[in-house]
file protein02.cif (mmCIF, C-alpha atoms)
data_protein
#
loop_
_atom_site.label_atom_id
_atom_site.label_comp_id
_atom_site.auth_asym_id
_atom_site.auth_seq_id
_atom_site.Cartn_x
_atom_site.Cartn_y
_atom_site.Cartn_z
CA MET F 12 87.86 69.46 91.32
CA ALA F 13 84.72 71.56 91.26
CA LEU F 14 86.75 74.69 90.82
CA LEU F 15 88.51 73.62 87.67
CA SER F 16 87.23 75.06 84.41
CA ASP F 17 85.77 72.82 81.73
CA LYS F 18 88.75 73.66 79.59
CA VAL F 19 91.20 72.28 82.12
CA LEU F 20 89.10 69.18 82.65
CA VAL F 21 88.96 68.57 78.90
CA LYS F 22 92.73 68.86 78.68
CA ARG F 23 93.20 66.45 81.56
CA ALA F 24 90.68 64.00 80.17
CA LYS F 25 92.44 64.09 76.84
CA SER F 26 95.70 63.22 78.48
CA GLY F 27 94.13 60.18 80.06
CA ASP F 28 92.63 61.30 83.34
CA PHE F 29 89.40 59.41 83.83
CA HIS F 30 88.26 61.47 86.79
CA SER F 31 88.33 64.68 84.83
CA PHE F 32 86.06 63.18 82.23
CA ASP F 33 83.80 61.81 84.93
CA GLU F 34 83.58 65.29 86.41
CA LEU F 35 82.58 66.72 83.03
CA VAL F 36 79.87 64.08 82.80
CA SER F 37 78.64 65.06 86.25
CA ARG F 38 78.54 68.72 85.28
CA TYR F 39 76.45 68.21 82.17
CA GLU F 40 74.40 65.10 82.74
CA THR F 41 71.38 66.94 84.13
CA LYS F 42 71.39 69.46 81.30
CA VAL F 43 71.65 66.74 78.68
CA TYR F 44 68.99 64.66 80.35
CA ASN F 45 66.58 67.58 80.52
CA LEU F 46 67.26 68.62 76.96
CA ALA F 47 66.53 65.09 75.79
CA TYR F 48 63.47 64.86 77.98
CA ARG F 49 62.08 68.10 76.58
CA MET F 50 62.90 67.03 73.07
CA LEU F 51 61.56 63.50 73.21
CA GLY F 52 59.07 63.63 76.01
CA SER F 53 59.95 60.34 77.65
CA GLN F 54 62.25 59.31 80.46
CA ASP F 55 63.26 56.22 78.62
CA ASP F 56 64.35 58.08 75.52
CA ALA F 57 66.05 60.69 77.65
CA LYS F 58 68.08 57.95 79.31
CA ASP F 59 69.15 56.55 75.93
CA ILE F 60 70.17 59.98 74.68
CA LEU F 61 72.06 60.65 77.89
CA GLN F 62 74.12 57.51 77.49
CA GLU F 63 74.64 57.94 73.76
CA THR F 64 75.76 61.52 74.22
CA PHE F 65 78.49 60.83 76.73
CA ILE F 66 79.70 57.67 75.06
CA SER F 67 79.97 59.60 71.78
CA ALA F 68 81.67 62.47 73.55
CA PHE F 69 84.12 60.06 75.09
CA LYS F 70 84.91 58.47 71.75
CA ALA F 71 85.26 61.79 70.00
CA LEU F 72 87.16 63.51 72.77
CA ASN F 73 90.47 63.36 70.98
CA ASN F 74 88.95 64.99 67.93
CA PHE F 75 87.37 67.78 69.94
CA ARG F 76 89.32 70.79 68.74
CA GLU F 77 88.10 73.07 71.49
CA LYS F 78 87.10 75.85 69.14
CA ALA F 79 83.70 75.75 70.78
CA SER F 80 83.22 75.42 74.51
CA PHE F 81 82.69 71.99 75.97
CA SER F 82 79.11 72.92 76.76
CA THR F 83 78.32 73.88 73.16
CA TRP F 84 80.02 70.73 71.97
CA ILE F 85 78.09 68.47 74.31
CA TYR F 86 74.82 70.20 73.45
CA ARG F 87 75.56 69.62 69.79
CA ILE F 88 76.16 65.92 70.32
CA ALA F 89 73.02 65.61 72.41
CA THR F 90 70.89 67.57 69.96
CA ASN F 91 72.08 65.49 67.05
CA ALA F 92 71.33 62.33 68.98
CA CYS F 93 67.81 63.62 69.63
CA LEU F 94 67.29 64.50 65.99
CA MET F 95 68.52 61.07 64.94
CA LYS F 96 66.09 59.47 67.33
CA PHE F 97 63.31 61.53 65.80
CA ARG F 98 64.20 60.29 62.38
CA THR F 99 63.66 56.71 63.42
CA LYS F 100 60.72 57.43 65.63
CA GLU F 101 58.62 60.20 64.34
CA PRO F 102 57.81 60.34 60.67
CA ARG F 103 54.99 62.80 61.11
CA VAL F 104 55.40 66.27 59.76
CA ILE F 105 53.42 69.23 60.92
CA SER F 106 53.56 72.45 59.08
CA ILE F 107 53.63 75.59 61.11
CA ASP F 108 54.46 77.83 58.24
CA LYS F 109 51.12 79.53 58.40
CA GLU F 110 51.25 81.96 61.23
CA PRO F 111 48.13 82.21 63.27
CA LEU F 112 46.33 85.45 62.81
CA VAL F 113 45.69 87.71 65.69
CA ALA F 114 42.33 86.59 66.87
CA GLU F 115 42.88 86.89 70.56
CA THR F 116 40.19 88.80 72.33
CA ILE F 117 40.78 87.61 75.86
CA ASP F 118 43.96 88.39 77.66
CA TRP F 119 44.54 85.24 79.67
CA SER F 120 48.09 86.19 80.61
CA GLU F 121 47.08 87.43 84.06
CA SER F 122 44.46 84.92 85.02
CA LEU F 123 46.12 81.75 83.84
CA SER F 124 47.50 80.52 87.14
CA ASP F 125 44.02 80.83 88.69
CA THR F 126 42.40 78.85 85.89
CA LEU F 127 44.75 75.90 85.84
CA ASP F 128 46.54 74.06 88.58
CA ARG F 129 50.21 73.25 88.19
CA GLU F 130 49.77 69.65 87.17
CA GLU F 131 47.24 70.42 84.51
CA LEU F 132 49.29 73.31 83.24
CA LYS F 133 52.36 71.12 83.01
CA LYS F 134 50.41 68.55 81.02
CA VAL F 135 49.15 71.15 78.59
CA LEU F 136 52.61 72.62 78.11
CA ASP F 137 54.20 69.21 77.62
CA LYS F 138 51.59 68.22 75.10
CA ALA F 139 51.97 71.44 73.17
CA ILE F 140 55.73 71.21 72.99
CA SER F 141 55.65 67.61 71.89
CA SER F 142 53.47 68.54 68.94
CA LEU F 143 56.01 71.06 67.65
CA PRO F 144 57.95 69.97 64.57
CA LYS F 145 61.41 68.84 65.61
CA THR F 146 63.39 71.58 63.88
CA HIS F 147 61.39 74.17 65.77
CA ARG F 148 61.20 72.22 68.99
CA VAL F 149 64.94 71.91 69.22
CA VAL F 150 65.38 75.66 68.86
CA PHE F 151 62.68 76.40 71.41
CA VAL F 152 64.14 73.95 73.91
CA LEU F 153 67.65 75.30 73.56
CA ARG F 154 66.68 78.97 73.63
CA ASP F 155 63.71 79.29 75.92
CA ILE F 156 64.02 76.29 78.18
CA GLU F 157 67.75 75.69 78.42
CA GLY F 158 68.40 79.41 78.22
CA LEU F 159 71.06 79.43 75.50
CA SER F 160 71.56 82.64 73.56
CA SER F 161 70.69 82.78 69.86
CA SER F 162 74.35 82.76 69.05
CA GLU F 163 75.04 79.72 71.22
CA ALA F 164 72.06 77.88 69.76
CA SER F 165 73.26 78.69 66.27
CA LYS F 166 76.62 77.11 67.08
CA VAL F 167 75.03 74.03 68.58
CA LEU F 168 72.75 73.51 65.61
CA ASN F 169 75.14 74.76 63.00
CA ILE F 170 72.56 77.11 61.51
CA SER F 171 72.57 80.89 61.19
CA ILE F 172 71.44 83.17 63.98
CA ALA F 173 68.69 84.42 61.68
CA ALA F 174 67.42 80.87 61.27
CA VAL F 175 67.45 80.39 65.05
CA LYS F 176 65.43 83.56 65.53
CA SER F 177 62.94 82.74 62.84
CA ARG F 178 62.33 79.20 64.14
CA LEU F 179 62.10 80.42 67.69
CA HIS F 180 59.56 83.01 66.63
CA ARG F 181 57.39 80.45 64.86
CA ALA F 182 57.68 77.97 67.68
CA ARG F 183 56.57 80.57 70.22
CA LEU F 184 53.61 81.65 68.12
CA TYR F 185 52.61 78.05 67.68
CA LEU F 186 52.81 77.29 71.40
CA ARG F 187 50.94 80.43 72.32
CA GLU F 188 48.21 79.45 69.90
CA LYS F 189 48.04 75.94 71.36
CA LEU F 190 47.70 77.29 74.86
CA SER F 191 45.09 79.76 73.71
CA LYS F 192 43.06 77.07 72.02
CA TYR F 193 43.23 74.94 75.12
CA LEU F 194 41.96 77.78 77.26
CA ARG F 195 39.16 78.46 74.80
CA GLY F 196 38.23 74.82 75.15
CA GLU F 197 39.05 74.00 71.55
CA GLU F 198 41.67 71.39 72.33
CA MET L 4 47.60 103.13 63.13
CA ARG L 5 48.32 106.74 62.44
CA GLY L 6 51.47 108.13 63.98
CA SER L 7 53.19 104.77 63.93
CA THR L 8 55.10 103.25 61.08
CA LEU L 9 54.19 99.78 62.20
CA ASN L 10 51.14 97.84 61.17
CA CYS L 11 49.94 94.66 62.89
CA ASP L 12 51.73 92.31 60.49
CA LYS L 13 55.02 94.06 61.03
CA PHE L 14 54.41 94.07 64.76
CA LEU L 15 53.79 90.34 64.75
CA SER L 16 56.91 89.59 62.80
CA LEU L 17 58.99 91.40 65.41
CA VAL L 18 57.11 90.48 68.55
CA SER L 19 59.51 87.69 69.52
CA ASP L 20 62.53 89.96 69.38
CA TYR L 21 60.51 92.57 71.20
CA ILE L 22 59.75 90.38 74.20
CA ASP L 23 63.39 89.29 74.25
CA GLY L 24 64.43 92.91 74.34
CA SER L 25 66.72 92.40 71.39
CA LEU L 26 65.35 95.16 69.21
CA SER L 27 67.06 98.49 68.71
CA PRO L 28 65.78 101.31 70.97
CA ILE L 29 64.11 102.98 67.99
CA LYS L 30 62.30 99.81 66.94
CA SER L 31 61.26 99.15 70.52
CA LYS L 32 59.72 102.59 70.74
CA GLU L 33 57.79 101.96 67.54
CA MET L 34 56.57 98.66 68.93
CA GLU L 35 55.45 100.31 72.14
CA ALA L 36 53.68 103.02 70.19
CA HIS L 37 51.82 100.35 68.29
CA LEU L 38 50.98 98.49 71.49
CA ARG L 39 49.39 101.54 73.05
CA LYS L 40 47.02 101.85 70.15
CA CYS L 41 46.27 98.26 69.22
CA LYS L 42 44.51 96.15 71.81
CA LYS L 43 44.70 92.95 69.79
CA CYS L 44 48.44 93.14 69.51
CA ARG L 45 48.71 94.05 73.17
CA ILE L 46 46.86 90.91 74.14
CA PHE L 47 48.90 88.92 71.69
CA ALA L 48 52.18 90.19 73.09
CA ASN L 49 51.05 89.58 76.67
CA THR L 50 49.93 86.04 76.02
CA LEU L 51 53.05 85.29 74.02
CA ARG L 52 55.24 86.56 76.81
CA THR L 53 53.30 84.52 79.32
CA THR L 54 53.66 81.39 77.19
CA VAL L 55 57.42 81.76 77.10
CA GLU L 56 57.60 82.56 80.81
CA LEU L 57 55.50 79.52 81.62
CA TYR L 58 57.90 77.22 79.83
CA ARG L 59 60.86 78.87 81.49
CA SER L 60 59.38 78.65 84.97
CA LEU L 61 58.31 75.09 84.35
CA GLU L 62 61.90 74.20 83.70
CA LYS L 63 63.21 76.14 86.68
CA VAL L 64 60.65 74.84 89.12
CA GLN L 65 60.54 71.31 87.86
CA PRO L 66 63.75 70.28 86.23
CA GLN L 67 63.82 66.57 85.72
CA ASP L 68 66.32 65.19 88.16
CA ILE L 69 68.12 62.25 86.76
CA PRO L 70 66.79 59.16 88.50
CA VAL L 71 69.54 57.67 90.64
CA PRO L 72 69.76 54.35 88.76
CA ILE L 73 70.14 56.19 85.45
CA HIS L 74 72.86 58.36 86.94
CA ASP L 75 74.68 55.34 88.36
CA THR L 76 74.43 53.36 85.14
CA LEU L 77 75.77 56.30 83.16
CA HIS L 78 78.87 56.66 85.29
CA LEU L 79 79.46 52.94 85.30
CA MET L 80 79.14 52.82 81.52
CA ILE L 81 81.57 55.66 81.11
CA ARG L 82 84.05 53.94 83.39
CA GLU L 83 83.74 50.67 81.50
CA GLU L 84 84.00 52.40 78.17
CA TRP L 85 87.11 54.14 79.38
CA GLN L 86 88.65 50.83 80.31
CA VAL L 87 87.40 48.72 77.43
CA HIS L 88 88.62 51.16 74.84
CA ARG L 89 91.76 51.25 76.84
CA VAL L 90 92.05 54.74 76.01
CA LEU L 91 93.72 57.00 76.40
CA VAL L 92 96.75 58.76 76.48
CA ASN L 93 96.43 61.31 73.86
CA VAL L 94 99.75 62.27 72.56
CA GLY L 95 99.15 63.57 69.14
CA ARG L 96 96.41 61.47 67.70
CA HIS L 97 97.28 58.07 69.05
CA ARG L 98 95.32 56.17 71.62
CA PHE L 99 97.10 53.80 73.88
CA PRO L 100 95.58 51.01 75.86
CA LEU L 101 95.16 51.55 79.53
CA ARG L 102 96.71 48.16 80.21
CA LEU L 103 99.44 46.63 78.19
CA ASN L 104 99.16 42.98 77.38
CA LEU L 105 102.34 41.06 78.15
CA PHE L 106 103.20 37.77 76.52
CA VAL L 107 104.33 35.18 78.97
CA GLU L 108 106.00 31.78 78.81
CA VAL L 109 106.33 29.47 81.79
CA VAL L 110 108.52 26.39 81.47
CA GLU L 111 108.66 23.80 84.20
CA PHE L 112 111.73 21.70 85.03
CA ALA L 113 112.33 19.05 87.70
CA ASP L 114 113.70 21.54 90.23
CA LYS L 115 112.79 24.96 88.86
CA ILE L 116 110.55 27.16 86.78
CA ASN L 117 111.69 29.51 84.06
CA ILE L 118 109.43 32.39 83.30
CA SER L 119 109.93 34.64 80.29
CA ILE L 120 107.95 37.80 79.79
CA GLU L 121 108.15 40.00 76.74
CA VAL L 122 108.84 43.52 77.83
CA PRO L 123 110.22 45.21 74.72
CA GLY L 124 111.49 48.71 75.19
CA ILE L 125 110.83 48.69 78.89
CA LYS L 126 113.62 49.74 81.22
CA LYS L 127 114.65 47.64 84.18
CA GLU L 128 113.86 50.46 86.59
CA ASP L 129 110.32 50.64 85.23
CA ILE L 130 109.53 47.04 86.16
CA ILE L 131 108.35 45.82 89.53
CA LEU L 132 108.64 42.11 90.22
CA MET L 133 106.91 40.47 93.13
CA VAL L 134 107.40 36.82 93.97
CA ALA L 135 105.15 35.02 96.40
CA ARG L 136 105.06 31.32 97.26
CA ASP L 137 102.51 30.47 94.61
CA TYR L 138 102.43 33.40 92.24
CA VAL L 139 104.53 36.00 90.50
CA GLU L 140 103.35 39.48 89.73
CA VAL L 141 105.03 41.75 87.26
CA SER L 142 103.98 45.32 86.84
CA GLY L 143 105.42 48.46 85.42
CA VAL L 144 105.11 50.89 82.64
CA ARG L 145 106.32 51.48 79.14
CA LYS L 146 106.60 55.19 79.25
CA ILE L 147 104.72 57.31 76.79
CA ILE L 148 106.95 59.78 75.07
CA ASP L 149 106.02 63.37 75.55
CA GLY L 150 105.81 64.26 71.91
CA PHE L 151 103.64 63.86 68.87
CA TYR L 152 103.25 60.28 67.74
CA TYR L 153 103.31 60.55 63.98
CA LEU L 154 102.96 56.80 63.70
CA THR L 155 103.02 54.01 66.22
CA GLU L 156 102.04 50.42 66.11
CA MET L 157 103.58 49.73 69.49
CA ASN L 158 101.71 50.06 72.70
CA ALA L 159 102.63 52.01 75.73
CA GLY L 160 101.30 52.57 79.19
CA PRO L 161 101.12 50.67 82.45
CA PHE L 162 100.89 46.92 82.77
CA THR L 163 100.33 44.25 85.39
CA ARG L 164 100.49 40.52 85.01
CA LYS L 165 99.91 37.96 87.69
CA ILE L 166 101.02 34.40 87.01
CA LYS L 167 99.88 31.53 89.13
CA LEU L 168 102.65 28.99 89.69
CA PRO L 169 102.24 25.22 89.26
CA PHE L 170 104.01 24.61 92.58
CA PRO L 171 105.37 26.56 95.57
CA VAL L 172 108.72 28.26 95.12
CA ASP L 173 111.47 29.50 97.37
CA THR L 174 110.98 33.25 97.51
CA SER L 175 114.45 33.82 98.91
CA LYS L 176 116.17 32.44 95.81
CA VAL L 177 114.83 34.44 92.90
CA GLN L 178 116.91 35.20 89.86
CA ALA L 179 115.71 37.77 87.40
CA TYR L 180 117.35 39.66 84.59
CA LEU L 181 116.48 41.53 81.46
CA GLU L 182 117.84 40.19 78.19
CA ASN L 183 116.98 41.44 74.70
CA GLY L 184 113.65 42.80 75.76
CA ILE L 185 112.68 39.70 77.67
CA LEU L 186 112.41 39.51 81.42
CA LYS L 187 113.73 36.15 82.55
CA ILE L 188 112.90 34.80 85.96
CA THR L 189 114.13 31.60 87.48
CA LEU L 190 112.42 30.21 90.56
CA LEU L 191 113.41 27.17 92.59
CA LYS L 192 110.97 24.63 93.95
CA VAL L 193 110.82 24.34 97.70
#
call {"tool": "encode", "arguments": {"input": "protein02.cif", "output": "structure tokens"}}
result
Amino acid sequence: MALLSDKVLVKRAKSGDFHSFDELVSRYETKVYNLAYRMLGSQDDAKDILQETFISAFKALNNFREKASFSTWIYRIATNACLMKFRTKEPRVISIDKEPLVAETIDWSESLSDTLDREELKKVLDKAISSLPKTHRVVFVLRDIEGLSSSEASKVLNISIAAVKSRLHRARLYLREKLSKYLRGEE
Amino acid sequence: MRGSTLNCDKFLSLVSDYIDGSLSPIKSKEMEAHLRKCKKCRIFANTLRTTVELYRSLEKVQPQDIPVPIHDTLHLMIREEWQVHRVLVNVGRHRFPLRLNLFVEVVEFADKINISIEVPGIKKEDIILMVARDYVEVSGVRKIIDGFYYLTEMNAGPFTRKIKLPFPVDTSKVQAYLENGILKITLLKV
């Protein structure tokens, strides 16, 4: 089973084979769970998104035209579910349109791992990412954490590659600034 | 920044593509030329790269494993959903139930029981009948046609129906035949 391509599994699932669908779930559940966790920052929400995603996928399976890969398709469902959850959960809007100016005088890129231990670092990173506006967070998570290409992310989100790049750029600048501020003791 | 066509603003607007290595070779060279001369931008690029690498390594080193109960619940839900929606044989755009529902009638007489089961469109060879002392089990399949269902309001797929009998029957004297889409079974009391 493990050797079959997603495409074959999709075909089999469509023709009624439960085990093929179950295998697809097994292949992508960790990715979806992590995406949701990065997006929403809580295990509980990640669990909800995980379930919603695969139930939706199951219901929509027959309408899945297979123009995109299964992985893009499942990412799209999961991302939309996350964004929907945001809508009900997080009314706050943060503007990151103003790019931080270059004010860095200390290069902390080398010394960082000596300054902070893993746990603290993880906390800082998690906090920073959870303060990113959702439209930017989703791009950052897909591109830099999940490792999708700009083109894949653009398909998942149904936005242009240019928009992916621009949001990614802003998200990175924002996170860098957050980290910098933390290290300067400002946050 | 003499000797370079890039100023700091331009550098900043391209720095993300630069650390991704997605700039053209010419642009990359210009960026590097700027970096050699501008300490601020050098620090900025370094710290930006580190930020991105930190997030990446965080994910690689500490991916959130799905807690076992969440994993188990998910697969159970999917299985139930699969059965409840009785999906799916996708032939064209129609969804068939996983289990067909058969309509049954059991009539009791002094010495026998007559059982009728609606099995429209089902062939005799696709039905399996099992008679035990106190129950009857009918199973089989109404075959799904290998073609595009433009319209169907009929169900297809496998079925099973177990009927508990009101009294024990003689399993050696079973009569069964198919008539006008109805499976008729006659069983004698012991």
call {"tool": "resolve_selection", "arguments": {"input": "protein02.cif", "expression": "the PyMOL selection byres ((chain F and resi 74-80) around 10)", "output": "mmCIF file with C-alpha atoms, in the frame of the given file"}}
result
data_model
loop_
_atom_site.group_PDB
_atom_site.id
_atom_site.type_symbol
_atom_site.label_atom_id
_atom_site.label_comp_id
_atom_site.auth_asym_id
_atom_site.auth_seq_id
_atom_site.Cartn_x
_atom_site.Cartn_y
_atom_site.Cartn_z
ATOM 1 C CA ASP F 17 85.770 72.820 81.730
ATOM 2 C CA LYS F 18 88.750 73.660 79.590
ATOM 3 C CA VAL F 21 88.960 68.570 78.900
ATOM 4 C CA LYS F 22 92.730 68.860 78.680
ATOM 5 C CA LYS F 25 92.440 64.090 76.840
ATOM 6 C CA ALA F 68 81.670 62.470 73.550
ATOM 7 C CA PHE F 69 84.120 60.060 75.090
ATOM 8 C CA LYS F 70 84.910 58.470 71.750
ATOM 9 C CA ALA F 71 85.260 61.790 70.000
ATOM 10 C CA LEU F 72 87.160 63.510 72.770
ATOM 11 C CA ASN F 73 90.470 63.360 70.980
ATOM 12 C CA PHE F 81 82.690 71.990 75.970
ATOM 13 C CA SER F 82 79.110 72.920 76.760
ATOM 14 C CA THR F 83 78.320 73.880 73.160
ATOM 15 C CA TRP F 84 80.020 70.730 71.970
ATOM 16 C CA ILE F 85 78.090 68.470 74.310
ATOM 17 C CA TYR F 86 74.820 70.200 73.450
ATOM 18 C CA GLU F 163 75.040 79.720 71.220
ATOM 19 C CA LYS F 166 76.620 77.110 67.080
ATOM 20 C CA VAL F 167 75.030 74.030 68.580
ATOM 21 C CA ARG L 96 96.410 61.470 67.700
#
call {"tool": "resolve_selection", "arguments": {"input": "protein02.cif", "expression": "the PyMOL selection byres ((chain L and resi 108) around 8)", "output": "list in words"}}
result
Phe106, Val107, Val109, Val110, Ile118, Ser119 and Ile120 of chain L
call {"tool": "atom_distance", "arguments": {"input": "protein02.cif", "atom1": "CA of Phe112 (chain L)", "atom2": "CA of Ser175 (chain L)"}}
result
18.6 Å
call {"tool": "closest_atom_pairs", "arguments": {"input": "protein02.cif", "of": "chain F", "to": "chain L", "cutoff": "6 Å", "atoms": "all atoms listed in the file", "output": "CSV"}}
result
residue,atom,partner,partner_atom,distance
F:Lys25,CA,L:Asn93,CA,5.7
F:Ser26,CA,L:Val92,CA,5.0
F:Gly27,CA,L:Val92,CA,4.7
F:Asn45,CA,L:Gln67,CA,6.0
F:Asp118,CA,L:Ile46,CA,5.2
F:Ser120,CA,L:Thr50,CA,4.9
F:Ile156,CA,L:Arg59,CA,5.3
F:His180,CA,L:Ser19,CA,5.5
F:Arg187,CA,L:Leu51,CA,5.6
call {"tool": "atom_distance", "arguments": {"input": "protein02.cif", "atom1": "CA of Tyr44 (chain F)", "atom2": "CA of Ser165 (chain F)"}}
result
20.3 Å
call {"tool": "residues_around", "arguments": {"input": "protein02.cif", "residues": "Met95 (chain F)", "least_positions_apart": "5", "cutoff": "12 Å", "atoms": "all atoms listed in the file", "output": "JSON, numbers by chain"}}
result
{"F": [47, 50, 51, 56, 59, 60, 63, 64, 88, 89, 90, 100, 101, 102, 145, 146]}
call {"tool": "decode", "arguments": {"input": "protein02.cif", "residues": "region 6-17 of chain L", "atoms": "N, CA and C atoms", "output": "PDB file, in the first residue's frame"}}
result
ATOM      1  N   GLY L   6      29.272  52.481  -7.155  1.00  0.00           N
ATOM      2  CA  GLY L   6      29.684  51.233  -7.784  1.00  0.00           C
ATOM      3  C   GLY L   6      28.592  50.181  -7.745  1.00  0.00           C
ATOM      4  N   SER L   7      27.523  50.468  -7.046  1.00  0.00           N
ATOM      5  CA  SER L   7      26.409  49.525  -6.996  1.00  0.00           C
ATOM      6  C   SER L   7      25.136  50.269  -7.360  1.00  0.00           C
ATOM      7  N   THR L   8      24.289  49.586  -8.111  1.00  0.00           N
ATOM      8  CA  THR L   8      23.056  50.253  -8.509  1.00  0.00           C
ATOM      9  C   THR L   8      21.989  50.130  -7.431  1.00  0.00           C
ATOM     10  N   LEU L   9      22.304  49.405  -6.390  1.00  0.00           N
ATOM     11  CA  LEU L   9      21.302  49.173  -5.355  1.00  0.00           C
ATOM     12  C   LEU L   9      21.489  50.122  -4.172  1.00  0.00           C
ATOM     13  N   ASN L  10      20.383  50.665  -3.708  1.00  0.00           N
ATOM     14  CA  ASN L  10      20.448  51.363  -2.432  1.00  0.00           C
ATOM     15  C   ASN L  10      19.830  50.464  -1.364  1.00  0.00           C
ATOM     16  N   CYS L  11      19.808  50.910  -0.122  1.00  0.00           N
ATOM     17  CA  CYS L  11      19.333  50.060   0.971  1.00  0.00           C
ATOM     18  C   CYS L  11      17.854  49.673   0.818  1.00  0.00           C
ATOM     19  N   ASP L  12      17.052  50.638   0.385  1.00  0.00           N
ATOM     20  CA  ASP L  12      15.619  50.336   0.217  1.00  0.00           C
ATOM     21  C   ASP L  12      15.401  49.219  -0.797  1.00  0.00           C
ATOM     22  N   LYS L  13      16.109  49.342  -1.903  1.00  0.00           N
ATOM     23  CA  LYS L  13      15.983  48.337  -2.950  1.00  0.00           C
ATOM     24  C   LYS L  13      16.482  46.976  -2.426  1.00  0.00           C
ATOM     25  N   PHE L  14      17.578  47.049  -1.705  1.00  0.00           N
ATOM     26  CA  PHE L  14      18.132  45.821  -1.130  1.00  0.00           C
ATOM     27  C   PHE L  14      17.095  45.128  -0.249  1.00  0.00           C
ATOM     28  N   LEU L  15      16.488  45.944   0.612  1.00  0.00           N
ATOM     29  CA  LEU L  15      15.494  45.385   1.543  1.00  0.00           C
ATOM     30  C   LEU L  15      14.309  44.766   0.826  1.00  0.00           C
ATOM     31  N   SER L  16      13.910  45.389  -0.261  1.00  0.00           N
ATOM     32  CA  SER L  16      12.727  44.874  -0.945  1.00  0.00           C
ATOM     33  C   SER L  16      13.027  43.527  -1.622  1.00  0.00           C
ATOM     34  N   LEU L  17      14.316  43.254  -1.833  1.00  0.00           N
ATOM     35  CA  LEU L  17      14.665  42.005  -2.516  1.00  0.00           C
ATOM     36  C   LEU L  17      15.304  40.969  -1.603  1.00  0.00           C
TER      37      LEU L  17
END
